[in-house]
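Here is structure.csv, consisting of CSV, C-alpha atoms and all ligand atoms:
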chain,number,residue,atom,x,y,z
A,627,MET,CA,-57.9,0.9,20.4
A,628,ALA,CA,-58.3,-2.6,19.2
A,629,ASN,CA,-55.1,-4.2,18.1
A,630,ASN,CA,-54.5,-5.7,14.7
A,631,ASP,CA,-53.4,-8.8,16.6
A,632,GLU,CA,-56.6,-10.6,17.6
A,633,ASP,CA,-54.9,-11.7,20.9
A,634,MET,CA,-54.8,-8.2,22.5
A,635,LEU,CA,-57.7,-5.8,23.1
A,636,VAL,CA,-57.5,-2.8,25.4
A,637,THR,CA,-60.4,-0.5,25.7
A,638,PRO,CA,-61.9,1.2,28.7
A,639,TRP,CA,-64.5,-1.6,28.9
A,640,GLU,CA,-62.6,-4.6,27.9
A,641,VAL,CA,-59.1,-5.9,28.2
A,642,ARG,CA,-58.1,-9.3,27.0
A,643,GLY,CA,-55.2,-11.3,25.6
A,644,LYS,CA,-51.5,-11.0,26.2
A,645,ILE,CA,-50.8,-7.3,26.8
A,646,ASP,CA,-47.8,-5.9,24.9
A,647,TYR,CA,-47.2,-2.6,26.8
A,648,ASP,CA,-44.6,-1.4,24.3
A,649,ARG,CA,-47.0,-1.7,21.5
A,650,LEU,CA,-49.7,0.1,23.6
A,651,ILE,CA,-47.4,3.1,24.1
A,652,LYS,CA,-47.0,3.3,20.3
A,653,GLN,CA,-50.6,2.7,19.5
A,654,PHE,CA,-51.9,5.2,22.0
A,655,GLY,CA,-49.2,7.7,21.4
A,656,THR,CA,-48.1,8.1,25.0
A,657,GLN,CA,-44.6,8.4,26.4
A,658,ARG,CA,-42.6,5.9,28.3
A,659,ILE,CA,-41.6,6.8,31.9
A,660,THR,CA,-37.8,7.0,31.5
A,661,PRO,CA,-35.2,6.4,34.3
A,662,ASP,CA,-34.5,10.2,34.2
A,663,LEU,CA,-38.1,11.0,34.8
A,664,LYS,CA,-38.2,8.6,37.7
A,665,ALA,CA,-35.0,10.1,39.2
A,666,ARG,CA,-36.6,13.5,38.9
A,667,ILE,CA,-39.7,12.4,40.9
A,668,ASN,CA,-37.5,10.7,43.5
A,669,LYS,CA,-35.5,13.9,43.9
A,670,ILE,CA,-38.5,16.1,44.3
A,671,THR,CA,-40.4,13.6,46.7
A,672,LYS,CA,-37.2,12.5,48.5
A,673,ASP,CA,-38.6,9.1,48.3
A,674,ARG,CA,-39.0,6.2,45.9
A,675,HIS,CA,-42.1,4.2,45.2
A,676,ILE,CA,-41.9,0.5,44.1
A,677,MET,CA,-44.7,1.0,41.6
A,678,LEU,CA,-42.5,3.5,39.7
A,679,GLU,CA,-39.2,1.8,40.3
A,680,ARG,CA,-40.5,-1.5,39.1
A,681,ASP,CA,-42.3,0.0,36.1
A,682,TYR,CA,-45.9,-0.7,37.2
A,683,PHE,CA,-46.4,2.9,36.3
A,684,PHE,CA,-44.7,2.9,32.9
A,685,SER,CA,-46.4,5.4,30.6
A,686,HIS,CA,-47.4,9.0,30.7
A,687,ARG,CA,-48.6,12.1,29.0
A,688,ASP,CA,-46.9,15.4,30.0
A,689,LEU,CA,-45.6,14.2,33.4
A,690,ASP,CA,-42.4,16.1,32.7
A,691,TRP,CA,-44.5,19.3,32.2
A,692,ILE,CA,-46.4,18.7,35.4
A,693,LEU,CA,-43.0,18.5,37.3
A,694,ASP,CA,-41.8,21.7,35.5
A,695,GLU,CA,-44.9,23.5,36.6
A,696,TYR,CA,-44.6,22.2,40.1
A,697,GLU,CA,-41.0,23.4,40.3
A,698,LYS,CA,-42.3,26.8,39.2
A,699,LYS,CA,-44.7,26.7,42.1
A,700,ASN,CA,-47.7,26.1,39.8
A,701,LYS,CA,-49.1,23.2,41.7
A,702,PHE,CA,-51.2,20.5,40.1
A,703,VAL,CA,-54.3,18.7,41.3
A,704,LEU,CA,-54.8,14.9,41.0
A,705,TYR,CA,-57.8,13.3,39.4
A,706,THR,CA,-58.7,9.6,39.3
A,707,GLY,CA,-61.9,7.5,39.5
A,708,ARG,CA,-63.8,4.4,39.5
A,709,GLY,CA,-66.8,3.0,37.6
A,710,PRO,CA,-68.8,1.4,40.4
A,711,SER,CA,-70.2,-1.7,38.6
A,712,GLY,CA,-69.3,-4.2,41.3
A,713,HIS,CA,-67.1,-4.7,44.3
A,714,THR,CA,-63.5,-3.4,44.2
A,715,HIS,CA,-60.9,-5.9,43.4
A,716,ILE,CA,-57.2,-6.1,44.3
A,717,GLY,CA,-56.3,-4.8,40.8
A,718,HIS,CA,-58.0,-1.4,41.4
A,719,LEU,CA,-56.1,-0.7,44.6
A,720,PRO,CA,-52.5,0.0,43.4
A,721,THR,CA,-53.5,3.0,41.3
A,722,TRP,CA,-55.2,4.5,44.4
A,723,MET,CA,-52.3,3.6,46.7
A,724,PHE,CA,-50.0,5.4,44.3
A,725,THR,CA,-52.4,8.3,44.0
A,726,LYS,CA,-52.3,8.6,47.8
A,727,TRP,CA,-48.5,8.6,47.8
A,728,MET,CA,-48.5,11.4,45.2
A,729,GLN,CA,-51.1,13.3,47.2
A,730,ASP,CA,-48.9,13.1,50.3
A,731,LYS,CA,-45.6,13.8,48.6
A,732,PHE,CA,-46.8,16.8,46.5
A,733,ASP,CA,-49.3,17.9,49.2
A,734,THR,CA,-52.1,18.3,46.7
A,735,ARG,CA,-55.8,17.9,46.2
A,736,LEU,CA,-57.5,14.8,44.7
A,737,TYR,CA,-60.7,14.8,42.8
A,738,PHE,CA,-62.1,11.2,42.6
A,739,GLN,CA,-64.9,10.6,40.2
A,740,MET,CA,-67.5,7.8,40.7
A,741,THR,CA,-68.9,7.3,37.3
A,742,ASN,CA,-72.1,5.5,38.4
A,743,ASP,CA,-73.8,7.0,35.3
A,744,GLU,CA,-71.2,5.4,33.0
A,745,LYS,CA,-71.8,2.0,34.5
A,746,TYR,CA,-75.6,2.4,34.3
A,747,PHE,CA,-75.3,3.3,30.6
A,748,PHE,CA,-72.8,0.6,29.6
A,749,ASP,CA,-74.0,-2.3,31.7
A,750,THR,CA,-77.7,-2.5,31.2
A,751,HIS,CA,-78.0,-5.3,33.7
A,752,LEU,CA,-77.3,-2.8,36.5
A,753,SER,CA,-80.1,-0.9,38.1
A,754,LEU,CA,-79.7,2.6,39.5
A,755,ASP,CA,-79.8,1.1,43.0
A,756,ASP,CA,-77.0,-1.3,42.1
A,757,VAL,CA,-74.6,1.5,40.9
A,758,ARG,CA,-75.5,3.6,43.9
A,759,ARG,CA,-74.8,0.8,46.3
A,760,PHE,CA,-71.4,0.1,44.6
A,761,THR,CA,-70.6,3.8,44.7
A,762,TYR,CA,-70.8,3.5,48.5
A,763,GLU,CA,-69.0,0.2,48.7
A,764,ASN,CA,-66.2,1.3,46.4
A,765,THR,CA,-65.9,4.6,48.4
A,766,LEU,CA,-65.2,2.5,51.5
A,767,ASP,CA,-62.3,0.8,49.7
A,768,LEU,CA,-60.8,4.1,48.6
A,769,LEU,CA,-61.1,5.6,52.1
A,770,ALA,CA,-59.7,2.5,53.7
A,771,LEU,CA,-56.4,3.4,52.1
A,772,GLY,CA,-56.1,6.4,54.4
A,773,PHE,CA,-57.2,9.4,52.4
A,774,GLU,CA,-58.2,12.5,54.4
A,775,PRO,CA,-61.1,14.8,53.7
A,776,GLU,CA,-59.1,18.0,53.7
A,777,ASN,CA,-57.8,17.4,50.3
A,778,THR,CA,-60.0,14.6,48.9
A,779,TYR,CA,-63.2,15.2,47.0
A,780,ILE,CA,-65.4,12.4,45.8
A,781,ILE,CA,-67.6,13.2,43.0
A,782,ASP,CA,-70.7,11.1,42.7
A,783,ASP,CA,-71.8,11.7,39.0
A,784,ILE,CA,-75.5,11.2,39.6
A,785,GLU,CA,-75.7,13.1,42.9
A,786,HIS,CA,-73.4,15.9,41.9
A,787,ILE,CA,-74.4,16.5,38.3
A,788,ASP,CA,-75.1,20.2,39.1
A,789,LEU,CA,-71.3,20.6,39.8
A,790,LEU,CA,-70.4,19.0,36.5
A,791,TYR,CA,-73.1,20.1,34.1
A,792,GLU,CA,-71.9,23.5,33.1
A,793,LEU,CA,-68.4,22.2,32.1
A,794,ALA,CA,-69.9,19.0,30.5
A,795,VAL,CA,-72.1,20.9,28.1
A,796,GLN,CA,-69.0,22.9,27.0
A,797,VAL,CA,-67.0,19.7,26.4
A,798,ALA,CA,-70.0,18.0,24.7
A,799,ARG,CA,-70.4,20.8,22.2
A,800,LYS,CA,-66.9,20.3,21.0
A,801,VAL,CA,-66.9,16.5,20.6
A,802,THR,CA,-68.5,15.0,17.5
A,803,PHE,CA,-70.1,11.7,17.0
A,804,SER,CA,-67.4,10.8,14.5
A,805,THR,CA,-64.7,11.4,17.2
A,806,VAL,CA,-66.4,9.1,19.8
A,807,LYS,CA,-67.0,6.5,17.0
A,808,ALA,CA,-63.3,6.5,16.1
A,809,VAL,CA,-62.0,6.7,19.6
A,810,PHE,CA,-64.3,4.4,21.5
A,811,GLY,CA,-65.8,2.3,18.6
A,812,PHE,CA,-69.4,3.5,19.3
A,813,ASN,CA,-72.0,2.8,16.6
A,814,SER,CA,-75.6,3.5,15.9
A,815,SER,CA,-76.8,1.0,18.5
A,816,THR,CA,-74.8,2.5,21.3
A,817,ASN,CA,-77.2,4.3,23.6
A,818,ILE,CA,-77.0,8.1,23.7
A,819,GLY,CA,-76.0,8.0,27.4
A,820,SER,CA,-72.8,6.2,26.5
A,821,ASN,CA,-72.1,8.6,23.7
A,822,TRP,CA,-72.4,11.5,26.2
A,823,HIS,CA,-70.3,9.9,28.9
A,824,PRO,CA,-66.8,11.0,27.6
A,825,ALA,CA,-67.9,14.6,28.2
A,826,ILE,CA,-68.7,13.8,31.9
A,827,GLN,CA,-65.4,11.9,32.4
A,828,ALA,CA,-63.5,14.9,31.0
A,829,VAL,CA,-65.0,17.4,33.5
A,830,PRO,CA,-63.0,16.7,36.7
A,831,ALA,CA,-59.8,17.5,34.7
A,832,PHE,CA,-61.0,21.1,34.5
A,833,LEU,CA,-63.2,21.3,37.6
A,834,HIS,CA,-60.6,22.9,39.9
A,835,SER,CA,-59.7,25.5,37.3
A,836,TRP,CA,-63.3,26.3,36.8
A,837,ILE,CA,-64.3,26.5,40.4
A,838,TYR,CA,-61.4,28.7,41.5
A,839,GLY,CA,-61.1,30.7,38.3
A,840,LYS,CA,-57.4,29.8,38.0
A,841,LYS,CA,-56.0,27.6,35.3
A,842,THR,CA,-54.5,24.7,37.2
A,843,PRO,CA,-52.5,21.7,35.9
A,844,CYS,CA,-54.1,18.3,36.5
A,845,ILE,CA,-52.6,14.8,36.4
A,846,ILE,CA,-54.5,11.6,36.2
A,847,PRO,CA,-53.1,8.4,37.6
A,848,CYS,CA,-55.0,5.4,36.0
A,849,ALA,CA,-54.4,2.2,34.1
A,850,ILE,CA,-53.7,2.7,30.4
A,851,ASP,CA,-57.1,1.5,29.4
A,852,GLN,CA,-58.6,4.9,30.3
A,853,ASP,CA,-56.3,6.7,27.9
A,854,PRO,CA,-58.9,7.1,25.1
A,855,PHE,CA,-60.8,9.4,27.5
A,856,TRP,CA,-57.8,11.6,27.9
A,857,ARG,CA,-57.3,11.9,24.2
A,858,VAL,CA,-60.8,13.4,23.8
A,859,THR,CA,-60.3,15.5,27.0
A,860,ARG,CA,-56.9,16.9,25.8
A,861,ASP,CA,-58.3,17.6,22.4
A,862,VAL,CA,-60.9,20.1,23.8
A,863,ALA,CA,-59.0,21.4,26.8
A,864,GLU,CA,-57.2,24.4,25.2
A,865,ARG,CA,-60.2,25.4,23.2
A,866,LEU,CA,-62.1,25.7,26.5
A,867,GLY,CA,-59.3,27.7,28.1
A,868,TYR,CA,-57.8,25.0,30.3
A,869,TYR,CA,-54.5,23.0,30.3
A,870,LYS,CA,-54.5,19.6,28.8
A,871,PRO,CA,-54.6,17.1,31.6
A,872,ALA,CA,-51.5,15.0,32.1
A,873,SER,CA,-51.6,11.4,33.0
A,874,ILE,CA,-49.4,8.7,34.6
A,875,GLN,CA,-50.5,5.3,33.6
A,876,ASN,CA,-50.1,1.9,35.1
A,877,LYS,CA,-50.1,-1.7,33.8
A,878,PHE,CA,-52.8,-4.2,34.7
A,879,VAL,CA,-52.7,-6.4,37.7
A,880,PRO,CA,-53.2,-9.7,36.1
A,881,GLY,CA,-56.1,-12.1,36.9
A,882,LEU,CA,-55.1,-15.2,38.9
A,883,LYS,CA,-55.8,-17.2,35.8
A,884,GLU,CA,-53.7,-17.0,32.6
A,885,GLY,CA,-53.8,-13.9,30.5
A,886,GLY,CA,-55.8,-10.6,30.6
A,887,LYS,CA,-56.3,-8.3,33.6
A,888,MET,CA,-57.9,-8.9,36.9
A,889,SER,CA,-61.6,-8.3,36.2
A,890,ALA,CA,-64.8,-8.7,38.0
A,891,SER,CA,-66.3,-10.7,35.1
A,892,ASP,CA,-64.2,-13.7,36.1
A,893,PRO,CA,-64.7,-14.1,39.9
A,894,MET,CA,-62.4,-17.1,40.5
A,895,SER,CA,-59.6,-15.1,38.8
A,896,THR,CA,-60.3,-12.1,40.9
A,897,VAL,CA,-59.7,-11.3,44.6
A,898,PHE,CA,-62.4,-8.8,45.7
A,899,THR,CA,-61.7,-6.6,48.7
A,900,THR,CA,-64.9,-8.1,50.3
A,901,ASP,CA,-63.8,-11.7,49.9
A,902,SER,CA,-63.3,-13.6,53.1
A,903,PRO,CA,-59.5,-14.3,53.6
A,904,LYS,CA,-60.3,-18.0,53.3
A,905,MET,CA,-61.9,-17.5,49.9
A,906,ALA,CA,-58.9,-15.3,48.8
A,907,LYS,CA,-56.5,-18.1,49.8
A,908,LYS,CA,-58.5,-20.6,47.8
A,909,LYS,CA,-58.2,-18.3,44.7
A,910,VAL,CA,-54.5,-17.8,45.2
A,911,MET,CA,-53.8,-21.5,45.6
A,912,ALA,CA,-55.5,-22.1,42.2
A,913,ALA,CA,-53.6,-19.3,40.5
A,914,PHE,CA,-51.8,-19.6,37.1
A,915,THR,CA,-48.0,-19.6,37.5
A,916,GLY,CA,-44.9,-19.9,35.3
A,917,GLY,CA,-44.3,-23.4,36.5
A,918,ARG,CA,-43.2,-26.5,34.6
A,919,ALA,CA,-45.3,-29.6,33.8
A,920,THR,CA,-43.6,-31.8,36.4
A,921,VAL,CA,-41.7,-31.3,39.7
A,922,LYS,CA,-38.7,-33.0,38.1
A,923,GLU,CA,-38.6,-30.5,35.2
A,924,GLN,CA,-39.1,-27.6,37.5
A,925,ARG,CA,-36.2,-28.7,39.8
A,926,GLU,CA,-34.0,-29.0,36.7
A,927,LEU,CA,-35.0,-26.1,34.5
A,928,GLY,CA,-36.6,-23.7,37.0
A,929,ALA,CA,-39.8,-21.8,36.4
A,930,ASN,CA,-40.6,-18.5,34.7
A,931,PRO,CA,-41.6,-15.6,36.9
A,932,ASP,CA,-42.1,-13.3,33.9
A,933,ILE,CA,-45.4,-14.9,33.0
A,934,CYS,CA,-46.5,-15.8,36.6
A,935,SER,CA,-49.4,-13.9,38.1
A,936,VAL,CA,-48.2,-14.8,41.7
A,937,PHE,CA,-44.9,-13.1,41.0
A,938,LYS,CA,-46.6,-9.9,39.7
A,939,TYR,CA,-48.4,-9.7,43.1
A,940,TYR,CA,-45.1,-9.8,44.9
A,941,LYS,CA,-43.5,-7.4,42.5
A,942,TYR,CA,-46.1,-4.7,42.4
A,943,ILE,CA,-47.8,-4.9,45.8
A,944,PHE,CA,-46.7,-7.4,48.4
A,945,MET,CA,-42.9,-7.3,48.4
A,946,PRO,CA,-41.6,-3.8,48.7
A,947,ASP,CA,-38.2,-5.0,49.8
A,948,ASP,CA,-36.0,-5.5,46.7
A,949,LYS,CA,-33.9,-8.1,48.5
A,950,ASP,CA,-37.0,-10.3,49.2
A,951,LEU,CA,-38.1,-10.0,45.6
A,952,LYS,CA,-34.8,-10.9,44.2
A,953,ASP,CA,-34.5,-13.8,46.5
A,954,ILE,CA,-37.8,-15.3,45.5
A,955,GLU,CA,-37.1,-14.6,41.8
A,956,GLN,CA,-33.8,-16.5,42.0
A,957,LYS,CA,-35.3,-19.4,43.8
A,958,CYS,CA,-38.1,-19.6,41.2
A,959,ARG,CA,-35.7,-19.4,38.2
A,960,GLY,CA,-33.3,-21.8,39.8
A,961,GLY,CA,-36.0,-24.5,40.5
A,962,GLU,CA,-35.4,-24.2,44.2
A,963,ILE,CA,-39.0,-23.4,45.0
A,964,LEU,CA,-42.1,-25.0,43.6
A,965,CYS,CA,-45.2,-23.1,42.6
A,966,GLY,CA,-47.3,-24.6,45.4
A,967,GLU,CA,-44.8,-23.4,48.0
A,968,CYS,CA,-44.6,-20.0,46.4
A,969,LYS,CA,-48.4,-19.6,46.6
A,970,GLN,CA,-48.2,-20.7,50.3
A,971,ILE,CA,-46.1,-17.5,50.8
A,972,LEU,CA,-48.5,-15.2,48.9
A,973,ALA,CA,-51.7,-16.6,50.5
A,974,PRO,CA,-51.1,-15.4,54.1
A,975,MET,CA,-49.9,-12.0,52.7
A,976,MET,CA,-53.1,-11.6,50.8
A,977,MET,CA,-55.2,-12.8,53.8
A,978,GLU,CA,-53.5,-10.4,56.2
A,979,PHE,CA,-53.9,-7.6,53.7
A,980,LEU,CA,-57.6,-8.3,53.4
A,981,GLU,CA,-58.1,-8.5,57.1
A,982,ASN,CA,-56.5,-5.1,57.6
A,983,HIS,CA,-58.3,-3.6,54.7
A,984,GLN,CA,-61.7,-4.9,55.8
A,985,ALA,CA,-61.1,-3.5,59.3
A,986,ALA,CA,-60.2,-0.2,57.8
A,987,ARG,CA,-63.4,-0.3,55.6
A,988,GLU,CA,-65.4,-0.7,58.8
A,989,ASP,CA,-63.7,2.3,60.4
A,990,VAL,CA,-64.6,4.7,57.6
A,991,LYS,CA,-68.2,3.7,57.3
A,992,ASP,CA,-69.5,6.8,59.2
A,993,ARG,CA,-67.1,9.2,57.4
A,994,VAL,CA,-68.1,8.9,53.8
A,995,GLU,CA,-70.0,12.2,53.8
A,996,GLU,CA,-67.0,14.1,54.9
A,997,PHE,CA,-65.4,13.4,51.6
A,998,SER,CA,-68.3,14.4,49.4
A,999,ALA,CA,-67.7,16.8,46.6
A,1000,ALA,CA,-71.0,18.4,47.6
A,1001,ARG,CA,-68.8,20.7,49.8
A,1002,LEU,CA,-67.7,22.3,46.5
A,1003,ARG,CA,-71.1,23.7,45.8
A,1004,ASP,CA,-70.4,26.7,48.1
A,1005,GLU,CA,-67.1,27.4,46.3
A,1006,VAL,CA,-68.3,27.6,42.7
A,1007,ARG,CA,-67.6,31.0,41.2
A,1008,ARG,CA,-70.2,31.8,38.6
B,1,LIG,P1,-62.8,1.2,36.4
B,1,LIG,O1,-63.8,1.2,37.5
B,1,LIG,O2,-62.9,0.3,35.3
B,1,LIG,O3,-61.3,1.1,37.0
B,1,LIG,C1,-60.9,2.0,38.0
B,1,LIG,C2,-59.4,2.2,37.9
B,1,LIG,O4,-58.7,0.9,38.0
B,1,LIG,C3,-57.9,0.7,36.8
B,1,LIG,N1,-58.0,-0.8,36.6
B,1,LIG,C4,-57.0,-1.6,36.8
B,1,LIG,N2,-55.7,-1.3,37.1
B,1,LIG,C5,-54.8,-2.3,37.2
B,1,LIG,N3,-55.2,-3.6,37.0
B,1,LIG,C6,-56.4,-4.0,36.7
B,1,LIG,N4,-56.8,-5.3,36.6
B,1,LIG,C7,-57.4,-2.9,36.6
B,1,LIG,N5,-58.7,-2.9,36.3
B,1,LIG,C8,-59.1,-1.6,36.3
B,1,LIG,C9,-58.6,1.5,35.7
B,1,LIG,O5,-57.8,1.9,34.7
B,1,LIG,C10,-59.0,2.7,36.5
B,1,LIG,O6,-57.9,3.6,36.7
B,1,LIG,N6,-64.3,5.1,33.6
B,1,LIG,C11,-63.5,4.7,34.7
B,1,LIG,C12,-63.8,5.6,36.0
B,1,LIG,C13,-63.1,6.9,35.9
B,1,LIG,C14,-61.7,7.1,36.0
B,1,LIG,C15,-61.5,8.5,35.9
B,1,LIG,C16,-60.7,6.2,36.1
B,1,LIG,C17,-63.7,8.1,35.8
B,1,LIG,N7,-62.7,9.1,35.8
B,1,LIG,C18,-60.2,9.0,36.0
B,1,LIG,C19,-59.4,6.7,36.2
B,1,LIG,C20,-59.2,8.1,36.1
B,1,LIG,C21,-63.8,3.3,35.1
B,1,LIG,O7,-64.8,2.7,34.8
B,1,LIG,O8,-62.7,2.7,35.8
Could I get this file's structure written as structure tokens?
Amino acid sequence: MANNDEDMLVTPWEVRGKIDYDRLIKQFGTQRITPDLKARINKITKDRHIMLERDYFFSHRDLDWILDEYEKKNKFVLYTGRGPSGHTHIGHLPTWMFTKWMQDKFDTRLYFQMTNDEKYFFDTHLSLDDVRRFTYENTLDLLALGFEPENTYIIDDIEHIDLLYELAVQVARKVTFSTVKAVFGFNSSTNIGSNWHPAIQAVPAFLHSWIYGKKTPCIIPCAIDQDPFWRVTRDVAERLGYYKPASIQNKFVPGLKEGGKMSASDPMSTVFTTDSPKMAKKKVMAAFTGGRATVKEQRELGANPDICSVFKYYKYIFMPDDKDLKDIEQKCRGGEILCGECKQILAPMMMEFLENHQAAREDVKDRVEEFSAARLRDEVRR
């Protein structure tokens, strides 16, 4: 997972440096999402999604196979998740928004795993109370995006371990220590909970098949940092009698400072969904951009949106209209707009988004239980 170049590191627990997505595809052995594949999705869904069009989702495993099966009426389930170690930030939301779009367009079920056990094992500063609290808080963020309980099942690892355990032991027996050492870089000081975790994260990929006794394709939308888990999961899948899970993988929403991804470990670089709109504005106004050293230079030479975090927010989240995006890009490259002015456009968008999201979070507070995977206990076939 670690790159030879010291400047880029992408693991499920740490992402830093300048990310070279082409190299990640090669390194991880995934496939690029081609224009043909996008066109196929657009045709089936009779829609287009900017996160696909603009290559936010850029890489996959077996997405073409998932579509083949879908067209043969062998419908897939969706699986994604969150490690509740803190408040949700803006970088987590696009994957979930896109997941909701897929759920609506393909009319399919979502399993959403809250790996509170993972965060408890890996971040020894967190107490069980902390990870439980963040499980709840993060669930509000997910539900605020408009999911409905009929086809959304939230798995709380600690609460619902009885649903996961039978499959987890089967996975765990097939994964050796040398595999997790090689894939995740674990060593003899890694606690045994962390060593076990890949078995738990594999389970939701097979859960539907196991519960209903019917081999069912599964696709996992997530950022590419989670891919090591799917390598292990795919490796055991067929030996356990299940399909290998497919995945559709996104890039990282950058932090507001230079380099790396948005991450809770750098609060000024990160807009949390619980930040006050005023605080979010302050963070946006301090963001890293692709601007020049002086106004004069910028007017003459233009700025560089390719390296600008503000532009990525427009591109992937806040400017769905291609015309608006093109317009701001041209003004930026042509030196017509300065970075301060450009941030003044993003800030109110971010503030309005947060106001609406926070109101939606309030509205779902009493509904969390409706989404619980505990409902599945009655359906398990043994
Ligand atoms: P976690 O909580 O680190 O991240 C949750 C999801 O958000 C993605 N992500 C990002 N995407 C874009 N930009 C960012 N800056 C950014 N930071 C995080 C992650 O890739 C992930 O998709 N072990 C997992 C929890 C999990 C999971 C899953 C995730 C369990 N099962 C299945 C995805 C799919 C974790 O700690 O995610």
Do you know which residues are within 8 Å of ligand LIG 1 (chain B) using only C-alpha atoms and all ligand atoms? Can you write them as a PDB file with C-alpha atoms, keeping the file's coordinate frame?
ATOM      1  CA  PRO A 638     -61.900   1.200  28.700  1.00  0.00           C
ATOM      2  CA  TRP A 639     -64.500  -1.600  28.900  1.00  0.00           C
ATOM      3  CA  TYR A 705     -57.800  13.300  39.400  1.00  0.00           C
ATOM      4  CA  THR A 706     -58.700   9.600  39.300  1.00  0.00           C
ATOM      5  CA  GLY A 707     -61.900   7.500  39.500  1.00  0.00           C
ATOM      6  CA  ARG A 708     -63.800   4.400  39.500  1.00  0.00           C
ATOM      7  CA  GLY A 709     -66.800   3.000  37.600  1.00  0.00           C
ATOM      8  CA  PRO A 710     -68.800   1.400  40.400  1.00  0.00           C
ATOM      9  CA  SER A 711     -70.200  -1.700  38.600  1.00  0.00           C
ATOM     10  CA  HIS A 715     -60.900  -5.900  43.400  1.00  0.00           C
ATOM     11  CA  ILE A 716     -57.200  -6.100  44.300  1.00  0.00           C
ATOM     12  CA  GLY A 717     -56.300  -4.800  40.800  1.00  0.00           C
ATOM     13  CA  HIS A 718     -58.000  -1.400  41.400  1.00  0.00           C
ATOM     14  CA  LEU A 719     -56.100  -0.700  44.600  1.00  0.00           C
ATOM     15  CA  PRO A 720     -52.500   0.000  43.400  1.00  0.00           C
ATOM     16  CA  THR A 721     -53.500   3.000  41.300  1.00  0.00           C
ATOM     17  CA  PHE A 738     -62.100  11.200  42.600  1.00  0.00           C
ATOM     18  CA  GLN A 739     -64.900  10.600  40.200  1.00  0.00           C
ATOM     19  CA  MET A 740     -67.500   7.800  40.700  1.00  0.00           C
ATOM     20  CA  THR A 741     -68.900   7.300  37.300  1.00  0.00           C
ATOM     21  CA  GLU A 744     -71.200   5.400  33.000  1.00  0.00           C
ATOM     22  CA  LYS A 745     -71.800   2.000  34.500  1.00  0.00           C
ATOM     23  CA  GLN A 827     -65.400  11.900  32.400  1.00  0.00           C
ATOM     24  CA  ALA A 828     -63.500  14.900  31.000  1.00  0.00           C
ATOM     25  CA  PRO A 830     -63.000  16.700  36.700  1.00  0.00           C
ATOM     26  CA  ILE A 846     -54.500  11.600  36.200  1.00  0.00           C
ATOM     27  CA  PRO A 847     -53.100   8.400  37.600  1.00  0.00           C
ATOM     28  CA  CYS A 848     -55.000   5.400  36.000  1.00  0.00           C
ATOM     29  CA  ALA A 849     -54.400   2.200  34.100  1.00  0.00           C
ATOM     30  CA  ILE A 850     -53.700   2.700  30.400  1.00  0.00           C
ATOM     31  CA  ASP A 851     -57.100   1.500  29.400  1.00  0.00           C
ATOM     32  CA  GLN A 852     -58.600   4.900  30.300  1.00  0.00           C
ATOM     33  CA  ASN A 876     -50.100   1.900  35.100  1.00  0.00           C
ATOM     34  CA  LYS A 877     -50.100  -1.700  33.800  1.00  0.00           C
ATOM     35  CA  PHE A 878     -52.800  -4.200  34.700  1.00  0.00           C
ATOM     36  CA  VAL A 879     -52.700  -6.400  37.700  1.00  0.00           C
ATOM     37  CA  PRO A 880     -53.200  -9.700  36.100  1.00  0.00           C
ATOM     38  CA  GLY A 881     -56.100 -12.100  36.900  1.00  0.00           C
ATOM     39  CA  LYS A 887     -56.300  -8.300  33.600  1.00  0.00           C
ATOM     40  CA  MET A 888     -57.900  -8.900  36.900  1.00  0.00           C
ATOM     41  CA  SER A 889     -61.600  -8.300  36.200  1.00  0.00           C
TER      42      SER A 889
END
Selection: 9 Å around range 967-972 of chain A, only C-alpha atoms, excl. self and same-chain fewer than 6 positions, as a compact mmCIF listing (two decimals) with C-alpha atoms, in the coordinates of the input:
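What follows is the written file selection13.txt:
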# COMPACT_ATOMS: atom_id res chain seq x y z
CA LYS A 907 -56.50 -18.10 49.80
CA VAL A 910 -54.50 -17.80 45.20
CA MET A 911 -53.80 -21.50 45.60
CA ALA A 912 -55.50 -22.10 42.20
CA ALA A 913 -53.60 -19.30 40.50
CA VAL A 936 -48.20 -14.80 41.70
CA PHE A 937 -44.90 -13.10 41.00
CA TYR A 939 -48.40 -9.70 43.10
CA TYR A 940 -45.10 -9.80 44.90
CA PHE A 944 -46.70 -7.40 48.40
CA ILE A 954 -37.80 -15.30 45.50
CA CYS A 958 -38.10 -19.60 41.20
task = Considering all atoms listed in the file, state which residue in the set A:Phe748, A:Phe914, A:Tyr696, A:Phe997 is at the smallest distance from Lys883 in chain A.
result = A:Phe914
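Atom pair CA of Met677 in chain A / CA of Phe724 in chain A has a distance of 7.4 Å (rounded to one decimal).
One finds CA of Pro931 in chain A at 12.9 Å from CA of Glu962 in chain A.
If you measure from each of A:Trp691, A:Phe898, A:Tyr737, A:Phe747 to Val703 in chain A using all atoms listed in the file, the closest one turns out to be A:Tyr737.
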Shell of 12 Å around His686 in chain A, only C-alpha atoms, local chain residues under 2 positions omitted, as number ranges by chain = A: 650-652, 654-660, 663-664, 678, 681-684, 688-692, 845-850, 852-853, 856, 871-877
request  = Compare A:Leu704, A:Val897, A:Ala919, A:Ile837 by their minimum atom-to-atom distance to Arg1001 in chain A, counting only C-alpha atoms, and give me the closest one.
outcome  = A:Ile837
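Considering all atoms listed in the file, the residue among A:Asp755, A:Asp948, A:Glu695, A:Asp648 positioned nearest to Lys841 in chain A is A:Glu695.
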inquiry  = Can you tell me which residues surround Phe773 in chain A at a distance of at most 10 Å, considering all atoms listed in the file, apart from same-chain residues fewer than 3 positions away, and format the answer as a PyMOL selection string?
reply    = chain A and resi 722-723+725-727+729-730+736+768-770+776-779+997
